[in-house]
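Here's the structure, in structure tokens; my notes come after.
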Amino acid sequence: MRVSDVIVVGGGIMGCGIALRLRQAGARVTILERAIPGAEASSAAAGMLAPQMEADGPGPFLDLCLRSRGLYPAFADELRELTGVDVAYRPCGILKVAFGEEQTHHLESTVLWQRGLGLRAELLDGARARELEPRLSSKAVAAAHFPDDHQVDNRLLVRALTMAAARVGAEFRGGFVRGVVHEAGRAVGVDLDGEVLRADTVVVAAGSWSALVQGAGVEARSVRPARGQMIQLQTRLPLLERVLTSEKGYIVPRADGRVIAGSTMELVGFDKQVTAAGLARILDMVLELCPDLASAPITETWAGFRPWTEDKRPYLGAGPVPGLFLATGHFRNGILLAPITAKLVAQAVLGEKPTVDLAPFRYDRAPLAARA
């Protein structure tokens with residue numbers, strides 16, 4: 001039975017965002033999710049919108065991330081109008097902190113090439129960095145300031161996107177997707193717990209689980225779960241205005257006094273345990289960046305899986321057979337890339353020319369070794 005024009009496998013931030021855009025274009029959409037929509041990586045993140053802080057150089061991926069960051073103010077407004085949920089978008093800026101000479105040189109280089117692209121970035125000495133953030137450690141010798149990198153409350157964002165997709169008419173169904181169904185060389189639906197659901201198009205947006213969907217064209221070595229452990233602390237009043245990061249991790253202050261700190265990066269399969277060693281590393285980083293958090297109580301710990309790819313770039317657009325599309329492998333940038341992914345994948349599904357060239361993000365792009 002044909003249930004929809006499009007079946008989206010995965011009800012996280014990517015699946016719900018794509019479904020929202022497709023429904024707004026008039027397509028009938030069914031979202032398949034084995035658990036609670038958005039309960040995995042989308043809810044486990046910290047919500048940084050940090051293409052400049054995260055960037056390792058210019059190129060198509062940075063361009064994609066910058067475009068998505070630019071969509072966020074209007075995206076947040078749209079979701080609030082659709083659902084009444086304020087996703088707590090905060091244009092707060094980010095400080096990336098150095099504690100030694102080598103780290104300082106790296107930040108200086110980053111600031112120089114980014115300013116060469118016309119991006120706002122500034123290298124501060126420790127004293128000037130503490131003028132912006134007085135609670136920053138006295139041991140910090142320098143910091144790169146990225147005023148246009150921001151944050152959002154990812155858990156509120158997940159709630160808003162799920163509600164928005166439902167409000168515009170996307171159907172949600174639970175169950176285990178055994179695989180994509182192929183006939184005559186194209187995708188025609190999915191096997192959901194033994195029942196074949198048919199559609200004109202299938203979009204696989206299952207995050208770290210994408211490679212487990214048989215027939216999706218995603219090899220097990222291509223998209224793997226990378227565990228990230230996280231800690232939430234609570235302060236009576238916010239101690240920090242900006243996100244603080246270093247080579248060891250990050251501290252994301254919320255307006256209500258919560259502080260999200262993370263994260264580890266562990267290729268341990270689908271083992272979601274929170275470990276003593278992982279928490280110790282995070283807490284060491286927290287106290288190195290902001291010693292005044294030493295007395296803050298820990299109110300929550302958790303772990304999630306980022307969909308890791310070898311080159312740390314997502315798979316976006318057409319899959320290996322007609323009727324199959326991919327939106328997975330976003331690794332550390334899933335929250336940031338949600339609005340642009342929704343826009344571009346919806347365009348591809350609808351047969352429109354995407355407003356960004358998706359060739360660098362194809363599922364069959366050359367591996368790193370071949371490009372070296």
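Labeling convention for the structure tokens: chains A, B, ... as they appear, residues from 1 per chain, ligands from 1 in order of appearance.
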Exercise for the section: Find the residues around A:Pro91 up to 10 Å (only C-alpha atoms counted), leave out those fewer than 6 positions away in its own chain, and share them as a ChimeraX atom specification. Expected result: /A:49,73,147-152,242
Practice task
Show which residues sit within 10 Å of stretch 283-298 of chain A, as a PyMOL selection string. Count only C-alpha atoms, and ignore same-chain residues fewer than 4 positions away.
Solution key: chain A and resi 97-99+133-140+230-236+239-240+244-251+258-263+277-279
Select from stretch 64-135 of chain A every residue with an atom at most 12 Å from any atom of stretch 8-23 of chain A, then for each give the shortest pair of atoms and their distance in Å to one decimal, using only C-alpha atoms, rows by chain and rising number, as a Markdown table.
```
| residue | atom | partner | partner_atom | distance |
| --- | --- | --- | --- | --- |
| A:Phe75 | CA | A:Gly17 | CA | 10.5 |
| A:Glu78 | CA | A:Leu20 | CA | 11.3 |
| A:Leu79 | CA | A:Leu20 | CA | 10.4 |
| A:Leu82 | CA | A:Leu20 | CA | 10.8 |
```
For the selection just defined, write its residues with N, CA, C and O atoms to a file, as an mmCIF file, in the first residue's frame.
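Contents of result37.cif, as written:
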```cif
data_model
loop_
_atom_site.group_PDB
_atom_site.id
_atom_site.type_symbol
_atom_site.label_atom_id
_atom_site.label_comp_id
_atom_site.auth_asym_id
_atom_site.auth_seq_id
_atom_site.Cartn_x
_atom_site.Cartn_y
_atom_site.Cartn_z
ATOM 1 N N PHE A 75 14.815 30.858 11.123
ATOM 2 C CA PHE A 75 14.371 29.505 11.450
ATOM 3 C C PHE A 75 13.760 29.462 12.853
ATOM 4 O O PHE A 75 12.684 28.891 13.069
ATOM 5 N N GLU A 78 10.405 31.210 12.783
ATOM 6 C CA GLU A 78 9.394 30.387 12.121
ATOM 7 C C GLU A 78 8.871 29.303 13.058
ATOM 8 O O GLU A 78 7.654 29.060 13.141
ATOM 9 N N LEU A 79 9.768 28.641 13.758
ATOM 10 C CA LEU A 79 9.343 27.575 14.665
ATOM 11 C C LEU A 79 8.514 28.123 15.819
ATOM 12 O O LEU A 79 7.537 27.483 16.252
ATOM 13 N N LEU A 82 5.062 28.710 14.445
ATOM 14 C CA LEU A 82 4.340 27.464 14.159
ATOM 15 C C LEU A 82 3.914 26.729 15.413
ATOM 16 O O LEU A 82 2.847 26.095 15.438
#
```
Practice task
Could you give me, as a ChimeraX atom specification, each residue of stretch 20-203 of chain A that DSSP assigns to alpha helix (DSSP H) when run on this structure's backbone?
Solution key: /A:20-24,41-44,51-54,60-83,101-116,126-132,154-167
Practice task
Point out the residue among A:Leu62, A:Val252, A:Leu117, A:Leu316 with the least atom-to-atom distance to A:Gly93, counting only C-alpha atoms.
Solution key: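 For A:Gly93, the nearest of the candidates is A:Val252.
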Practice task
Would you please give, as a PyMOL selection string, all residues of stretch 150-193 of chain A that DSSP assigns to strand (DSSP E) based on the backbone?
Solution key: chain A and resi 150-151+171-174+177-183+186-192
Practice task
Rank A:Ala206, A:Ala255, A:Val345, A:Leu192 by their smallest atom-to-atom distance to A:Arg178, using only C-alpha atoms, and report the top residue only.
Solution key: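 Answer, going by the shortest atom-to-atom distance: A:Leu192.
Distance annotation: of A:Leu124, A:Leu119, A:Ala303, A:Ala142, the residue with the minimal separation from A:Glu101 is A:Ala142; atom set is only C-alpha atoms.
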Exercise for the section: Would you work out the distance separating atom CA of A:Asp271 from atom CA of A:Ala35, expressed in Å to one decimal? Expected result: 16.9 Å
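Proximity ranking of A:Thr104, A:Ser68, A:Gln347, A:Thr110 relative to A:Ala55 places A:Thr110 first, based on only C-alpha atoms.
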Would you write out, as CSV, a table of all residues in stretch 262-315 of chain A that have an atom no more than 12 Å from an atom of stretch 319-335 of chain A, listing for each the closest atom pair and the distance in Å to one decimal, considering only C-alpha atoms and ordering rows by chain and rising residue number?
```
residue,atom,partner,partner_atom,distance
A:Gly262,CA,A:Arg332,CA,11.7
A:Ser263,CA,A:Arg332,CA,10.3
A:Thr264,CA,A:Arg332,CA,11.3
A:Met265,CA,A:Arg332,CA,9.8
A:Gly304,CA,A:Arg332,CA,11.2
A:Phe305,CA,A:Phe331,CA,8.7
A:Arg306,CA,A:Phe331,CA,4.9
A:Pro307,CA,A:Phe331,CA,4.7
A:Trp308,CA,A:Phe331,CA,4.8
A:Thr309,CA,A:Gly329,CA,5.7
A:Glu310,CA,A:Gly329,CA,9.4
A:Asp311,CA,A:Gly329,CA,9.8
A:Lys312,CA,A:Phe331,CA,6.2
A:Arg313,CA,A:His330,CA,6.2
A:Pro314,CA,A:Gly329,CA,4.2
A:Tyr315,CA,A:Thr328,CA,5.4
```
Practice task
Could you tell me how far atom CA of A:Val85 lies from atom CA of A:Arg34, in Å and to one decimal?
Solution key: 24.5 Å
Problem - Counting only C-alpha atoms, the option among A:Leu71, A:Met48, A:Leu156, A:Met53 closest to A:Ala121 - result: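 Counting only C-alpha atoms, the residue closest to A:Ala121 is A:Met53.
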Handout entry: Nearby residues (only C-alpha atoms) at most 6 Å from A:Ser4, same-chain spacing under 6 positions excluded, as JSON, numbers by chain
Key = {"A": [28, 29, 199]}
Problem - Who sits within 9 Å of A:Ile7, only C-alpha atoms, same chain under 6 positions skipped, as number ranges by chain - result: A: 19, 28-32, 189-190, 197-204
Export of the given selection (C-alpha atoms) as a compact mmCIF listing (two decimals), in the first residue's frame:
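The result, stored in out12.txt:
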```txt
# COMPACT_ATOMS: atom_id res chain seq x y z
CA ALA A 19 9.51 16.49 6.62
CA ARG A 28 2.53 13.73 1.82
CA VAL A 29 5.15 12.63 4.34
CA THR A 30 5.44 9.77 6.83
CA ILE A 31 8.21 9.86 9.46
CA LEU A 32 9.32 6.50 10.84
CA GLY A 189 9.33 2.00 0.19
CA VAL A 190 10.52 0.39 3.41
CA LEU A 197 5.12 0.69 3.30
CA ARG A 198 5.30 2.15 -0.19
CA ALA A 199 6.19 5.65 -1.29
CA ASP A 200 7.63 7.42 -4.30
CA THR A 201 10.71 8.45 -2.34
CA VAL A 202 12.61 7.28 0.74
CA VAL A 203 14.86 9.61 2.75
CA VAL A 204 17.27 7.95 5.18
```
